[in-house]
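> Would you mind keeping the following structure in view while I ask a few things?
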2 protein chains.
Amino acid sequence: MKDFKAEIEFIYSSAIKAVNPFEAVKRSIRMKGGKLELSGGGGTAGSYDLDGFDRIFVVGAGKATAPMAEAVEDLLGERISGGCISVKYGYTGDVKQLEMIEASHPIPDENGVTAAKRILEILNGAGEKDLVISLISGGGSALLPLPPEGVSLDDKRAATDLLLKSGASIHEINTVRKHLSMVKGGNMARAAGRATVINLMMSDVVGDDMDVIASGPFVPDDTTYKSAMEVLEKYGLEGTVPPSVSDRIRSGIGGAFPENPGTGSRCFERVTNSVIASNIICLKAAASAAADLGYNALILSSMIEGDTAEAAMWHFRIAREVVLTSNPVPAPACIISGGETTVRVTGAGLGGRNMEFAMRFARHSDGETRIASCSVGTDGSDGPTDAAGAYCDGTTASRARKAGLDMNAYTAENDSYHFFEKLGDLIITGPTNTNVMDIRIMLVR
Amino acid sequence: MKDFKAEIEFIYSSAIKAVNPFEAVKRSIRMKGGKLELSGGGGTAGSYDLDGFDRIFVVGAGKATAPMAEAVEDLLGERISGGCISVKYGYTGDVKQLEMIEASHPIPDENGVTAAKRILEILNGAGEKDLVISLISGGGSALLPLPPEGVSLDDKRAATDLLLKSGASIHEINTVRKHLSMVKGGNMARAAGRATVINLMMSDVVGDDMDVIASGPFVPDDTTYKSAMEVLEKYGLEGTVPPSVSDRIRSGIGGAFPENPGTGSRCFERVTNSVIASNIICLKAAASAAADLGYNALILSSMIEGDTAEAAMWHFRIAREVVLTSNPVPAPACIISGGETTVRVTGAGLGGRNMEFAMRFARHSDGETRIASCSVGTDGSDGPTDAAGAYCDGTTASRARKAGLDMNAYTAENDSYHFFEKLGDLIITGPTNTNVMDIRIMLVR
């Protein structure tokens, strides 16, 4: 089964490379005859004559934003007039033309506030003849915290925590959050005014909704102060959240502050949003690599959540159907899915959702020599370990038995890391500087 | 969305029709120039010159075996010399050439024993110049109970119950059961000796393993008395099962009785096993019907088990991927799966796994106008209700709200029957006389 393993490594490596922040920016914008061309959706999404702009600013926030900025500097160099990015402590890069502020993630801190203010200042100063390149990646929301005057970071966090516990949907939580921020819900676009904006986003959210990625700083927000209050009321929180929060929303309903810019607002006229890295882009790269190896590649979905053990079961059953009846595609088949599952932890072992998937899958595929699989976290880190995931095939269970490993015990303890460590089947990539959730690959011959 | 519903009805109706017992037999055997032709796997699997046979016997057991026998009589009429089938009380048919014995299912009774003895008698009497047509369908195992001398039905049942509770796999349980039966594990083939046998099976088991369907009366059994004892020992049951059971197996190890006929045994030389109805056959018919309507049809797997709420989630996410990125197939798409999920019942409502699937799916697809779905039990009965399943689409949730139905409450109560009853979206087919588990259909436009 040596080939299986090498092929799977080739496929997931290709997939992760496609969502490398530096590479993704390099692929999405390039210079052609003095023009900056933005590609997207398989073609050219925009062309910008740089001679027409006085200044170029670069702003952004997120864990992968430093290498994104390196790529922009690599392309535009001293043509960049300045800018500011907010990155997580330690997630820095070698940028020369712009300010880089390190801030706290996932709990925001004052450095993040400083960065948000600095970026708004830059955007407010940009005019009709300026180009703004925005670089948003995972964690961008926490790294650009800017509650409105009178609301503290702690008050905002308290409101968010209450909403999370209330059972409110992510859409409902965001409705409230976007009304407690000076950057989210299209407010960065409003600040940029008549400047031209290219907003390049790396998506770490299921479904890649642009208004969810970093809470959509350059995306129209059609929710209102009134709808935010309705969410609080629905969950009985209008009297429980800090008074500064309910006061702000109530004053907004009364017209004290403008609503967030919605669909059709003039400030979006010169804004182009583009998702340049996402789980589906990663899966497509995997499919392409698999096709290069001669496999019939099929992408099931980039949005698989739910229980890991369940996911392992039904993924296996789809691969098994290929063996039995050549459905959904005939062998040699490569079936791919993405997203992020969860593990119901029952034991005290070491592991992560990807290694758990592979361990569960190995139980189903015991003796099935035509099937191999892996599950990998694209950030290179699965659970609290140095592994990104694990590889398994029809020999995994028998090799475990031969090695004296009690698979039932490892499963009961959720000890997937040590299980695959002993088999030599951990997948270790090191930190990848990207995060578009997980990728699962099944090969069937 | 009227079209969606009509199209889904056409697709599942076509699917269920394909596994109708009468139709399935009619499709699999036919007369051509004095020869009986057996089709299978898309071509002719065998041709039998009836002039070469002195007698034709028909035997069998299962809930759908009566209509299967009707189809054989329809084809061969008085050419049939005799035979016997064992059917569940009330599951009778209009047969003239053979004896029909009604027996108990799922708990076997003495009528079943009588039928098993009668069938063995017929098989033992069949010679080299005779043809036996066997008709096996769901429930066939319980309807042909024949423990070896010295082991009572109760003893056998007690052993099975202990194994079920022990956590033994279905394969392990069957290893024991096949050594406590005079018909299972290839023993009907042994009884038929040198007669020619066509064994037509309707599969109600996940994966359609022929040695699992009714415990494989005409299929080689390579397990041994020794392996049966190892299963009992593995689960610490060798001293817990009734002494008659452990005695029988121990005597078998000692050579007191022959092992079951295994691979290569001469008694299988003239036996042809053919699965003529199964979940995958049902799904293929659905795919074909969907293709006739212009959909790109994709069969995921016929072997989906696990939690119903999880299944609804990931099925929806695959349909949603079609909407967003045209994966796994571009719209118009029909994505199909089969198998049998389970419901974690938390409420006191009325429902079944299929209606529960549709209710959960409707929650995910709220407002998604491009997606519709259904889940249907092929036997026409979902849970303890008169419905086979339910239909849902992107308007289901909003129609429920308009009708004042609290979807959260219906979900918490697992009251899917009353939910869809009020919306007029129950799927009611009436009893279909077949059972190849469930079919789930998603349409995406």
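For the structure tokens, the naming scheme is as follows: chains receive sequential letters (A, B, ...) according to their order of presentation, residues are indexed from 1 within each chain, and ligands are indexed from 1 in presentation order.
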So that I can see what lies close to Gly236 of chain B, please list as a list in words the residues with an atom at most 12 Å from it, counting only C-alpha atoms and leaving out residues fewer than 5 positions away in the same chain.

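Final neighbour list, sorted by chain and number: Leu162, Leu163, Lys165, Ser166, Gly167, Ala168, Met229, Glu230, Val231 and Val241 of chain B.
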
> Please determine the contact residues of chain B with respect to chain A at a cut-off of 7 Å, counting only C-alpha atoms, and supply them as a PyMOL selection string.

chain B and resi 298-301+303-304+306+310+314+317-318+321+327-328

> Could those selected residues go to a file with N, CA and C atoms, as an mmCIF file, in the first residue's frame?


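Resulting contents of result37.cif:
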data_model
loop_
_atom_site.group_PDB
_atom_site.id
_atom_site.type_symbol
_atom_site.label_atom_id
_atom_site.label_comp_id
_atom_site.auth_asym_id
_atom_site.auth_seq_id
_atom_site.Cartn_x
_atom_site.Cartn_y
_atom_site.Cartn_z
ATOM 1 N N LEU B 298 -26.834 11.118 -9.339
ATOM 2 C CA LEU B 298 -25.649 10.607 -8.655
ATOM 3 C C LEU B 298 -26.083 9.760 -7.469
ATOM 4 N N ILE B 299 -25.629 8.511 -7.447
ATOM 5 C CA ILE B 299 -25.887 7.636 -6.308
ATOM 6 C C ILE B 299 -24.696 7.702 -5.361
ATOM 7 N N LEU B 300 -24.935 8.135 -4.127
ATOM 8 C CA LEU B 300 -23.835 8.251 -3.161
ATOM 9 C C LEU B 300 -23.467 6.885 -2.601
ATOM 10 N N SER B 301 -24.450 6.212 -2.024
ATOM 11 C CA SER B 301 -24.204 4.910 -1.413
ATOM 12 C C SER B 301 -25.533 4.285 -1.022
ATOM 13 N N MET B 303 -25.608 2.198 1.422
ATOM 14 C CA MET B 303 -25.281 1.619 2.734
ATOM 15 C C MET B 303 -25.192 2.657 3.844
ATOM 16 N N ILE B 304 -26.026 3.698 3.760
ATOM 17 C CA ILE B 304 -25.944 4.760 4.761
ATOM 18 C C ILE B 304 -26.717 4.368 6.016
ATOM 19 N N GLY B 306 -26.369 5.060 10.574
ATOM 20 C CA GLY B 306 -26.016 6.141 11.496
ATOM 21 C C GLY B 306 -27.195 7.004 11.877
ATOM 22 N N GLU B 310 -27.799 13.623 11.805
ATOM 23 C CA GLU B 310 -26.505 13.798 11.143
ATOM 24 C C GLU B 310 -26.663 13.610 9.633
ATOM 25 N N TRP B 314 -25.610 16.308 6.570
ATOM 26 C CA TRP B 314 -24.590 16.188 5.514
ATOM 27 C C TRP B 314 -25.209 15.980 4.142
ATOM 28 N N ARG B 317 -25.793 19.434 3.036
ATOM 29 C CA ARG B 317 -24.568 20.145 2.677
ATOM 30 C C ARG B 317 -24.054 19.734 1.295
ATOM 31 N N ILE B 318 -24.311 18.495 0.919
ATOM 32 C CA ILE B 318 -23.916 18.063 -0.433
ATOM 33 C C ILE B 318 -24.812 18.752 -1.472
ATOM 34 N N GLU B 321 -23.757 22.306 -1.841
ATOM 35 C CA GLU B 321 -22.530 22.466 -2.625
ATOM 36 C C GLU B 321 -22.863 22.511 -4.120
ATOM 37 N N ASN B 327 -20.585 21.144 -7.472
ATOM 38 C CA ASN B 327 -20.041 19.864 -7.032
ATOM 39 C C ASN B 327 -21.060 19.185 -6.136
ATOM 40 N N PRO B 328 -21.117 17.867 -6.088
ATOM 41 C CA PRO B 328 -20.352 16.893 -6.884
ATOM 42 C C PRO B 328 -20.804 16.785 -8.337
#

> For each of A:Asn199, A:Ser181, A:Ala66, A:Ala103, take the minimum atom-to-atom distance to Val132 of chain A, counting only C-alpha atoms, then give the residue where this is smallest.

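Comparing A:Asn199, A:Ser181, A:Ala66, A:Ala103 against Val132 of chain A, the winner is A:Asn199.
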
> Just want the 10 Å neighbourhood of segment 396-404 of chain A, counted on only C-alpha atoms, with same-chain residues fewer than 2 positions away dropped. Output as a PyMOL selection string.

chain A and resi 358-359+361-368+372+391-394+406-407+419-420+422-423+425

> Generate a file of the selected residues that holds N, CA and C atoms, formatted as a CSV table (one decimal), in the first residue's frame.


chain,number,residue,atom,x,y,z
A,358,ALA,N,-9.5,9.3,10.9
A,358,ALA,CA,-8.8,8.2,10.3
A,358,ALA,C,-8.8,6.9,11.1
A,359,MET,N,-8.8,7.1,12.4
A,359,MET,CA,-8.9,5.9,13.3
A,359,MET,C,-10.2,5.2,13.1
A,361,PHE,N,-12.2,5.5,10.5
A,361,PHE,CA,-12.3,5.0,9.2
A,361,PHE,C,-11.6,3.6,9.1
A,362,ALA,N,-10.4,3.6,9.7
A,362,ALA,CA,-9.6,2.3,9.7
A,362,ALA,C,-10.4,1.1,10.2
A,363,ARG,N,-11.2,1.4,11.2
A,363,ARG,CA,-12.1,0.3,11.8
A,363,ARG,C,-13.0,-0.2,10.7
A,364,HIS,N,-13.7,0.7,10.0
A,364,HIS,CA,-14.6,0.3,9.0
A,364,HIS,C,-13.9,-0.4,7.8
A,365,SER,N,-12.7,0.0,7.5
A,365,SER,CA,-12.1,-0.5,6.3
A,365,SER,C,-11.1,-1.6,6.5
A,366,ASP,N,-11.2,-2.2,7.7
A,366,ASP,CA,-10.3,-3.3,8.1
A,366,ASP,C,-10.4,-4.4,7.0
A,367,GLY,N,-9.3,-4.7,6.3
A,367,GLY,CA,-9.2,-5.7,5.3
A,367,GLY,C,-9.6,-5.3,3.9
A,368,GLU,N,-10.1,-4.1,3.8
A,368,GLU,CA,-10.6,-3.6,2.5
A,368,GLU,C,-9.3,-3.0,1.7
A,372,ALA,N,-8.1,3.6,0.6
A,372,ALA,CA,-7.2,4.3,1.6
A,372,ALA,C,-7.8,5.7,1.8
A,391,TYR,N,-3.1,9.1,8.2
A,391,TYR,CA,-3.4,8.3,7.0
A,391,TYR,C,-3.8,6.9,7.4
A,392,CYS,N,-4.8,6.3,6.7
A,392,CYS,CA,-5.2,4.9,7.0
A,392,CYS,C,-5.5,4.2,5.8
A,393,ASP,N,-5.5,2.9,5.8
A,393,ASP,CA,-5.9,2.0,4.7
A,393,ASP,C,-6.4,0.7,5.3
A,394,GLY,N,-6.6,-0.2,4.3
A,394,GLY,CA,-7.2,-1.5,4.8
A,394,GLY,C,-6.3,-2.4,5.6
A,406,ASP,N,-4.4,-2.2,21.0
A,406,ASP,CA,-5.8,-2.5,21.2
A,406,ASP,C,-6.6,-1.4,20.6
A,407,MET,N,-7.1,-1.5,19.4
A,407,MET,CA,-7.8,-0.5,18.7
A,407,MET,C,-9.1,0.0,19.5
A,419,PHE,N,-2.0,6.2,18.6
A,419,PHE,CA,-2.3,5.1,17.7
A,419,PHE,C,-1.5,5.2,16.4
A,420,PHE,N,-1.7,6.4,15.8
A,420,PHE,CA,-1.0,6.5,14.5
A,420,PHE,C,0.5,6.8,14.6
A,422,LYS,N,2.4,5.2,16.6
A,422,LYS,CA,3.0,3.9,16.7
A,422,LYS,C,3.0,3.2,15.3
A,423,LEU,N,2.1,3.5,14.5
A,423,LEU,CA,2.0,2.9,13.2
A,423,LEU,C,2.8,3.6,12.1
A,425,ASP,N,1.9,6.5,10.9
A,425,ASP,CA,1.0,7.0,9.9
A,425,ASP,C,0.4,8.4,10.3

> Residues near Gln97 of chain A, anyone? I mean within 10 Å using only C-alpha atoms, not counting same-chain ones fewer than 3 positions away, as a PyMOL selection string.

chain A and resi 57-58+69-70+73+76-84+94+100

> Output C-alpha atoms of each residue in that selection to a file, as an mmCIF file, in the first residue's frame.


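After the write, result_15.cif holds the following:
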data_model
loop_
_atom_site.group_PDB
_atom_site.id
_atom_site.type_symbol
_atom_site.label_atom_id
_atom_site.label_comp_id
_atom_site.auth_asym_id
_atom_site.auth_seq_id
_atom_site.Cartn_x
_atom_site.Cartn_y
_atom_site.Cartn_z
ATOM 1 C CA PHE A 57 -2.716 51.497 0.596
ATOM 2 C CA VAL A 58 -2.602 48.011 2.050
ATOM 3 C CA ALA A 69 1.043 41.310 2.611
ATOM 4 C CA GLU A 70 4.462 39.936 1.672
ATOM 5 C CA GLU A 73 4.805 43.894 -1.496
ATOM 6 C CA LEU A 76 3.964 46.228 -5.964
ATOM 7 C CA GLY A 77 7.054 47.062 -3.867
ATOM 8 C CA GLU A 78 7.572 50.783 -3.369
ATOM 9 C CA ARG A 79 4.452 51.564 -5.355
ATOM 10 C CA ILE A 80 2.733 51.019 -1.988
ATOM 11 C CA SER A 81 2.287 54.307 -0.158
ATOM 12 C CA GLY A 82 1.668 52.758 3.213
ATOM 13 C CA GLY A 83 -0.826 50.836 5.250
ATOM 14 C CA CYS A 84 -1.355 48.768 8.347
ATOM 15 C CA ASP A 94 8.812 40.497 6.469
ATOM 16 C CA MET A 100 2.407 45.616 11.228
#

> Just list the residues in segment 233-365 of chain B DSSP gives helix (DSSP H, G or I) on the backbone, as number ranges by chain.

B: 233-234, 243-253, 266-268, 279-292, 308-325, 353-364

> From the list B:Gly294, B:Pro217, B:Gly352, B:Gly62, which residue is nearest Gly90 of chain B when using only C-alpha atoms?

B:Gly62

> Counting only C-alpha atoms, which of B:Ser375, B:Thr395, B:Ser244, B:Ser215 gets nearest to Pro148 of chain B?

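Selected residue with least distance to Pro148 of chain B: B:Ser244.
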
> Could you give me, as a PyMOL selection string, each residue of segment 293-391 of chain B that DSSP assigns to strand (DSSP E) when run on this structure's backbone?

chain B and resi 296-304+333-339+371-377+389-391

> Using only C-alpha atoms, determine which residues lie at most 9 Å from Asp379 of chain B, disregarding the query and same-chain residues fewer than 3 positions distant; provide the list as a PDB file with N, CA, C and O atoms, in the first residue's frame.


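Everything below was put into part-v4.pdb:
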ATOM      1  N   ILE B  16     -39.418   2.268  -6.225  1.00  0.00           N
ATOM      2  CA  ILE B  16     -40.110   1.213  -5.473  1.00  0.00           C
ATOM      3  C   ILE B  16     -40.653   0.145  -6.430  1.00  0.00           C
ATOM      4  O   ILE B  16     -40.619  -1.050  -6.144  1.00  0.00           O
ATOM      5  N   VAL B 376     -37.956   7.908   2.036  1.00  0.00           N
ATOM      6  CA  VAL B 376     -39.084   6.979   1.939  1.00  0.00           C
ATOM      7  C   VAL B 376     -38.642   5.566   2.314  1.00  0.00           C
ATOM      8  O   VAL B 376     -37.601   5.095   1.849  1.00  0.00           O
ATOM      9  N   ASP B 382     -43.162   3.817   7.622  1.00  0.00           N
ATOM     10  CA  ASP B 382     -42.092   4.484   8.364  1.00  0.00           C
ATOM     11  C   ASP B 382     -42.485   4.585   9.831  1.00  0.00           C
ATOM     12  O   ASP B 382     -43.451   5.278  10.172  1.00  0.00           O
ATOM     13  N   ALA B 388     -45.073   6.354   4.446  1.00  0.00           N
ATOM     14  CA  ALA B 388     -43.794   5.744   4.082  1.00  0.00           C
ATOM     15  C   ALA B 388     -42.641   6.706   4.322  1.00  0.00           C
ATOM     16  O   ALA B 388     -41.487   6.302   4.412  1.00  0.00           O
ATOM     17  N   THR B 429     -47.803   5.488   0.513  1.00  0.00           N
ATOM     18  CA  THR B 429     -47.806   4.560  -0.624  1.00  0.00           C
ATOM     19  C   THR B 429     -48.677   3.345  -0.354  1.00  0.00           C
ATOM     20  O   THR B 429     -49.042   2.630  -1.275  1.00  0.00           O
ATOM     21  N   GLY B 430     -48.989   3.112   0.913  1.00  0.00           N
ATOM     22  CA  GLY B 430     -49.606   1.847   1.291  1.00  0.00           C
ATOM     23  C   GLY B 430     -48.531   0.766   1.289  1.00  0.00           C
ATOM     24  O   GLY B 430     -47.411   1.006   0.823  1.00  0.00           O
ATOM     25  N   PRO B 431     -48.876  -0.435   1.823  1.00  0.00           N
ATOM     26  CA  PRO B 431     -47.876  -1.514   1.862  1.00  0.00           C
ATOM     27  C   PRO B 431     -47.397  -1.862   0.455  1.00  0.00           C
ATOM     28  O   PRO B 431     -48.209  -1.957  -0.466  1.00  0.00           O
ATOM     29  N   THR B 432     -46.111  -2.016   0.278  1.00  0.00           N
ATOM     30  CA  THR B 432     -45.550  -2.276  -1.052  1.00  0.00           C
ATOM     31  C   THR B 432     -45.175  -3.733  -1.254  1.00  0.00           C
ATOM     32  O   THR B 432     -44.742  -4.114  -2.338  1.00  0.00           O
ATOM     33  N   ASN B 433     -45.266  -4.548  -0.199  1.00  0.00           N
ATOM     34  CA  ASN B 433     -44.870  -5.963  -0.275  1.00  0.00           C
ATOM     35  C   ASN B 433     -43.404  -6.161  -0.556  1.00  0.00           C
ATOM     36  O   ASN B 433     -42.982  -7.229  -0.985  1.00  0.00           O
ATOM     37  N   THR B 434     -42.615  -5.112  -0.379  1.00  0.00           N
ATOM     38  CA  THR B 434     -41.178  -5.271  -0.576  1.00  0.00           C
ATOM     39  C   THR B 434     -40.476  -4.565   0.568  1.00  0.00           C
ATOM     40  O   THR B 434     -41.089  -3.783   1.289  1.00  0.00           O
ATOM     41  N   ASN B 435     -39.206  -4.860   0.752  1.00  0.00           N
ATOM     42  CA  ASN B 435     -38.435  -4.118   1.739  1.00  0.00           C
ATOM     43  C   ASN B 435     -36.959  -4.187   1.416  1.00  0.00           C
ATOM     44  O   ASN B 435     -36.300  -5.181   1.646  1.00  0.00           O
ATOM     45  N   VAL B 436     -36.470  -3.103   0.830  1.00  0.00           N
ATOM     46  CA  VAL B 436     -35.026  -2.998   0.589  1.00  0.00           C
ATOM     47  C   VAL B 436     -34.501  -1.754   1.317  1.00  0.00           C
ATOM     48  O   VAL B 436     -33.702  -1.012   0.798  1.00  0.00           O
ATOM     49  N   MET B 437     -35.019  -1.548   2.533  1.00  0.00           N
ATOM     50  CA  MET B 437     -34.639  -0.396   3.355  1.00  0.00           C
ATOM     51  C   MET B 437     -35.155   0.927   2.751  1.00  0.00           C
ATOM     52  O   MET B 437     -36.168   0.918   2.072  1.00  0.00           O
ATOM     53  N   ASP B 438     -34.434   2.021   2.999  1.00  0.00           N
ATOM     54  CA  ASP B 438     -34.956   3.348   2.650  1.00  0.00           C
ATOM     55  C   ASP B 438     -34.264   3.934   1.431  1.00  0.00           C
ATOM     56  O   ASP B 438     -33.162   3.544   1.077  1.00  0.00           O
TER      57      ASP B 438
END

> Just want the 8 Å neighbourhood of Asp222 of chain A, counted on only C-alpha atoms, with same-chain residues fewer than 3 positions away dropped. Output as a PyMOL selection string.

chain A and resi 260-263

> Can you tell me, as a PyMOL selection string, what residues are no more than 7 Å from Phe53 of chain B when counting only C-alpha atoms, ignoring any on the same chain fewer than 4 positions away?

chain B and resi 129-131

> Based on the selection just made, write N, CA and C atoms of those residues as a PDB file, in the first residue's frame.


ATOM      1  N   LYS B 129     -31.749 -34.594 -12.243  1.00  0.00           N
ATOM      2  CA  LYS B 129     -32.544 -34.127 -13.387  1.00  0.00           C
ATOM      3  C   LYS B 129     -33.656 -33.172 -12.968  1.00  0.00           C
ATOM      4  N   ASP B 130     -33.538 -32.609 -11.749  1.00  0.00           N
ATOM      5  CA  ASP B 130     -34.566 -31.672 -11.269  1.00  0.00           C
ATOM      6  C   ASP B 130     -34.005 -30.261 -11.150  1.00  0.00           C
ATOM      7  N   LEU B 131     -34.918 -29.305 -11.290  1.00  0.00           N
ATOM      8  CA  LEU B 131     -34.570 -27.886 -11.119  1.00  0.00           C
ATOM      9  C   LEU B 131     -35.297 -27.356  -9.892  1.00  0.00           C
TER      10      LEU B 131
END
